[in-house]
file query-v1.pdb (PDB, C-alpha atoms)
ATOM      1  CA  VAL A   1     121.569  97.250  78.029
ATOM      2  CA  GLN A   2     119.603 100.121  79.501
ATOM      3  CA  LEU A   3     116.240  99.330  81.043
ATOM      4  CA  GLN A   4     113.521 101.879  81.707
ATOM      5  CA  ALA A   5     110.655 100.875  83.982
ATOM      6  CA  SER A   6     107.453 102.879  83.919
ATOM      7  CA  GLY A   7     103.763 102.653  84.652
ATOM      8  CA  GLY A   8     103.726 102.893  88.417
ATOM      9  CA  GLY A   9     101.322 105.075  90.308
ATOM     10  CA  LEU A  10      98.701 105.308  92.995
ATOM     11  CA  VAL A  11      95.764 102.934  92.800
ATOM     12  CA  GLN A  12      93.057 101.765  95.147
ATOM     13  CA  ALA A  13      92.950  98.218  96.423
ATOM     14  CA  GLY A  14      91.393  95.963  93.823
ATOM     15  CA  GLY A  15      92.612  98.141  90.986
ATOM     16  CA  SER A  16      95.053  97.420  88.185
ATOM     17  CA  LEU A  17      98.282  98.780  86.781
ATOM     18  CA  ARG A  18     100.461  97.764  83.873
ATOM     19  CA  LEU A  19     104.185  98.251  84.250
ATOM     20  CA  SER A  20     106.483  98.434  81.245
ATOM     21  CA  CYS A  21     110.194  97.716  80.971
ATOM     22  CA  ALA A  22     111.698  99.140  77.799
ATOM     23  CA  ALA A  23     115.197  98.157  76.707
ATOM     24  CA  SER A  24     117.618 100.249  74.727
ATOM     25  CA  GLY A  25     121.309 100.531  74.015
ATOM     26  CA  ARG A  26     123.795  97.924  72.942
ATOM     27  CA  THR A  27     122.747  94.326  73.462
ATOM     28  CA  PHE A  28     124.533  91.049  72.833
ATOM     29  CA  GLY A  29     122.194  89.797  70.179
ATOM     30  CA  SER A  30     118.695  91.204  70.229
ATOM     31  CA  PHE A  31     116.647  91.991  73.310
ATOM     32  CA  GLY A  32     114.757  88.842  72.462
ATOM     33  CA  SER A  33     117.809  86.921  73.664
ATOM     34  CA  TYR A  34     117.382  88.184  77.224
ATOM     35  CA  ALA A  35     115.373  86.826  80.111
ATOM     36  CA  VAL A  36     113.657  89.536  82.123
ATOM     37  CA  GLY A  37     112.538  89.580  85.714
ATOM     38  CA  TRP A  38     110.485  91.928  87.840
ATOM     39  CA  PHE A  39     111.406  92.464  91.460
ATOM     40  CA  ARG A  40     110.039  94.757  94.117
ATOM     41  CA  GLN A  41     111.277  96.326  97.300
ATOM     42  CA  ALA A  42     109.171  97.917  99.977
ATOM     43  CA  PRO A  43     110.671 100.317 102.548
ATOM     44  CA  GLY A  44     112.584  98.407 105.173
ATOM     45  CA  LYS A  45     112.186  95.096 103.376
ATOM     46  CA  GLU A  46     114.429  92.977 101.203
ATOM     47  CA  ARG A  47     114.143  92.857  97.436
ATOM     48  CA  GLU A  48     111.523  90.316  96.432
ATOM     49  CA  PHE A  49     110.986  88.320  93.268
ATOM     50  CA  VAL A  50     107.752  89.072  91.434
ATOM     51  CA  ALA A  51     107.808  87.414  88.014
ATOM     52  CA  SER A  52     110.100  86.468  85.162
ATOM     53  CA  ILE A  53     109.899  85.533  81.505
ATOM     54  CA  ASN A  54     112.358  83.682  79.347
ATOM     55  CA  TRP A  55     113.933  84.952  76.158
ATOM     56  CA  ASN A  56     111.130  84.059  73.765
ATOM     57  CA  GLY A  57     108.189  84.373  76.127
ATOM     58  CA  GLY A  58     107.638  80.636  76.138
ATOM     59  CA  ARG A  59     108.082  80.285  79.869
ATOM     60  CA  THR A  60     107.066  82.405  82.811
ATOM     61  CA  ASP A  61     107.429  82.188  86.560
ATOM     62  CA  TYR A  62     105.665  83.960  89.403
ATOM     63  CA  ALA A  63     106.034  84.341  93.109
ATOM     64  CA  ASP A  64     103.264  82.451  94.870
ATOM     65  CA  SER A  65     101.536  85.577  96.125
ATOM     66  CA  MET A  66     101.325  86.998  92.590
ATOM     67  CA  LYS A  67      99.979  83.927  90.824
ATOM     68  CA  GLY A  68      96.565  84.568  89.357
ATOM     69  CA  ARG A  69      96.859  88.333  89.818
ATOM     70  CA  PHE A  70      99.967  89.305  87.844
ATOM     71  CA  THR A  71     100.833  88.470  84.237
ATOM     72  CA  ILE A  72     104.214  89.000  82.630
ATOM     73  CA  SER A  73     104.529  89.224  78.868
ATOM     74  CA  ARG A  74     106.898  90.582  76.267
ATOM     75  CA  ASP A  75     106.901  92.162  72.836
ATOM     76  CA  ASN A  76     110.372  91.640  71.439
ATOM     77  CA  ALA A  77     109.587  93.763  68.395
ATOM     78  CA  LYS A  78     109.158  96.687  70.799
ATOM     79  CA  ASN A  79     111.988  95.637  73.134
ATOM     80  CA  THR A  80     109.506  95.781  75.974
ATOM     81  CA  VAL A  81     108.369  93.517  78.782
ATOM     82  CA  TYR A  82     105.097  94.136  80.583
ATOM     83  CA  LEU A  83     103.752  93.313  84.018
ATOM     84  CA  GLN A  84      99.987  93.432  84.239
ATOM     85  CA  MET A  85      98.942  93.680  87.861
ATOM     86  CA  ASN A  86      95.309  93.072  88.767
ATOM     87  CA  ASN A  87      93.467  92.934  92.068
ATOM     88  CA  LEU A  88      96.184  94.958  93.721
ATOM     89  CA  LYS A  89      96.498  94.871  97.486
ATOM     90  CA  PRO A  90      98.052  97.343  99.905
ATOM     91  CA  GLU A  91     100.859  94.851 100.514
ATOM     92  CA  ASP A  92     101.833  95.204  96.840
ATOM     93  CA  THR A  93     103.039  98.724  97.602
ATOM     94  CA  ALA A  94     106.731  98.904  96.688
ATOM     95  CA  ASP A  95     109.253 100.124  94.173
ATOM     96  CA  TYR A  96     109.206  97.756  91.218
ATOM     97  CA  TYR A  97     112.359  97.035  89.239
ATOM     98  CA  CYS A  98     112.946  95.173  86.000
ATOM     99  CA  ALA A  99     116.147  93.293  85.323
ATOM    100  CA  ALA A 100     117.592  91.369  82.397
ATOM    101  CA  LYS A 101     120.239  88.822  81.612
ATOM    102  CA  TYR A 102     121.421  87.222  78.395
ATOM    103  CA  ALA A 103     119.746  83.821  78.227
ATOM    104  CA  TYR A 104     119.200  82.880  74.591
ATOM    105  CA  GLY A 105     117.930  79.321  74.333
ATOM    106  CA  VAL A 106     117.663  78.902  78.096
ATOM    107  CA  THR A 107     114.313  77.668  79.364
ATOM    108  CA  SER A 108     114.999  77.722  83.098
ATOM    109  CA  LEU A 109     114.231  80.875  85.078
ATOM    110  CA  SER A 110     115.732  82.192  88.273
ATOM    111  CA  GLN A 111     114.017  83.964  91.162
ATOM    112  CA  ARG A 112     117.323  85.200  92.550
ATOM    113  CA  TYR A 113     118.011  88.845  91.808
ATOM    114  CA  THR A 114     121.759  88.240  91.956
ATOM    115  CA  THR A 115     121.600  86.291  88.690
ATOM    116  CA  TYR A 116     120.448  89.308  86.677
ATOM    117  CA  ASP A 117     123.035  91.593  85.127
ATOM    118  CA  TYR A 118     121.154  94.691  84.017
ATOM    119  CA  TRP A 119     118.727  96.752  86.068
ATOM    120  CA  GLY A 120     116.394  99.605  85.437
ATOM    121  CA  GLN A 121     115.432 102.305  87.895
ATOM    122  CA  GLY A 122     112.398 101.562  89.988
ATOM    123  CA  THR A 123     108.859 102.643  89.377
ATOM    124  CA  GLN A 124     106.779 103.256  92.463
ATOM    125  CA  VAL A 125     103.492 101.468  93.028
ATOM    126  CA  THR A 126     101.259 102.574  95.875
ATOM    127  CA  VAL A 127      98.054 100.725  96.670
ATOM    128  CA  SER A 128      95.684 102.428  99.055
ATOM    129  CA  SER A 129      93.198 100.543 101.178
TER     130      SER A 129
END

call {"tool": "encode", "arguments": {"input": "query-v1.pdb", "output": "structure tokens"}}
result
Amino acid sequence: VQLQASGGGLVQAGGSLRLSCAASGRTFGSFGSYAVGWFRQAPGKEREFVASINWNGGRTDYADSMKGRFTISRDNAKNTVYLQMNNLKPEDTADYYCAAKYAYGVTSLSQRYTTYDYWGQGTQVTVSS
């Protein structure tokens, strides 16, 4: 599975961005069988969980600091997962990565990046104050 993250950019505090994670290549089953997570990493900091969505979009999970501001969704027909980010803050500045793992039928979600098998390149988000 190849993942391509896009949609990052420079935005002022309080603004919005929508990140996309597009999947391609060979998959075990369809992309709709994969759980997808978003993680971020700021310079000098550890990788941090942002949000995740299960294989059919029926369950989502968010880091506490993102709840109410970020929304993860997916369109399996387009092999794409989205991260809508609203009310962005300077502390949201980081490289954002999407990751996937085969999880057909699984309802539980993990916040640990080590449990994901496939990773895209990062897309940079910069929030100015």

call {"tool": "residues_around", "arguments": {"input": "query-v1.pdb", "residues": "Asn79 in chain A", "least_positions_apart": "3", "cutoff": "8 Å", "atoms": "only C-alpha atoms", "output": "list in words"}}
result
Ala22, Ala23, Ser24, Phe31, Gly32, Arg74, Asp75 and Asn76 of chain A

call {"tool": "resolve_selection", "arguments": {"input": "query-v1.pdb", "expression": "the PyMOL selection byres ((chain A and resi 117) around 6)", "output": "MDAnalysis selection string"}}
result
chainID A and resid 101 116 118

call {"tool": "resolve_selection", "arguments": {"input": "query-v1.pdb", "expression": "the PyMOL selection byres ((chain A and resi 60-69) around 6)", "output": "PDB file with C-alpha atoms, in the frame of the given file"}}
result
ATOM      1  CA  VAL A  50     107.752  89.072  91.434  1.00  0.00           C
ATOM      2  CA  ALA A  51     107.808  87.414  88.014  1.00  0.00           C
ATOM      3  CA  SER A  52     110.100  86.468  85.162  1.00  0.00           C
ATOM      4  CA  ILE A  53     109.899  85.533  81.505  1.00  0.00           C
ATOM      5  CA  ARG A  59     108.082  80.285  79.869  1.00  0.00           C
ATOM      6  CA  PHE A  70      99.967  89.305  87.844  1.00  0.00           C
ATOM      7  CA  ASN A  86      95.309  93.072  88.767  1.00  0.00           C
TER       8      ASN A  86
END

call {"tool": "closest_residue", "arguments": {"input": "query-v1.pdb", "among": "A:Ile72, A:Val11, A:Leu19, A:Ala42", "to": "Asn54 in chain A", "atoms": "only C-alpha atoms"}}
result
A:Ile72

call {"tool": "resolve_selection", "arguments": {"input": "query-v1.pdb", "expression": "the PyMOL selection byres ((chain A and resi 107) around 9)", "output": "ChimeraX atom specification"}}
result
/A:54-55,58-59,103-106,108-109

call {"tool": "closest_residue", "arguments": {"input": "query-v1.pdb", "among": "A:Gln41, A:Gly9, A:Tyr96, A:Leu88", "to": "Gly122 in chain A", "atoms": "all atoms listed in the file"}}
result
A:Tyr96
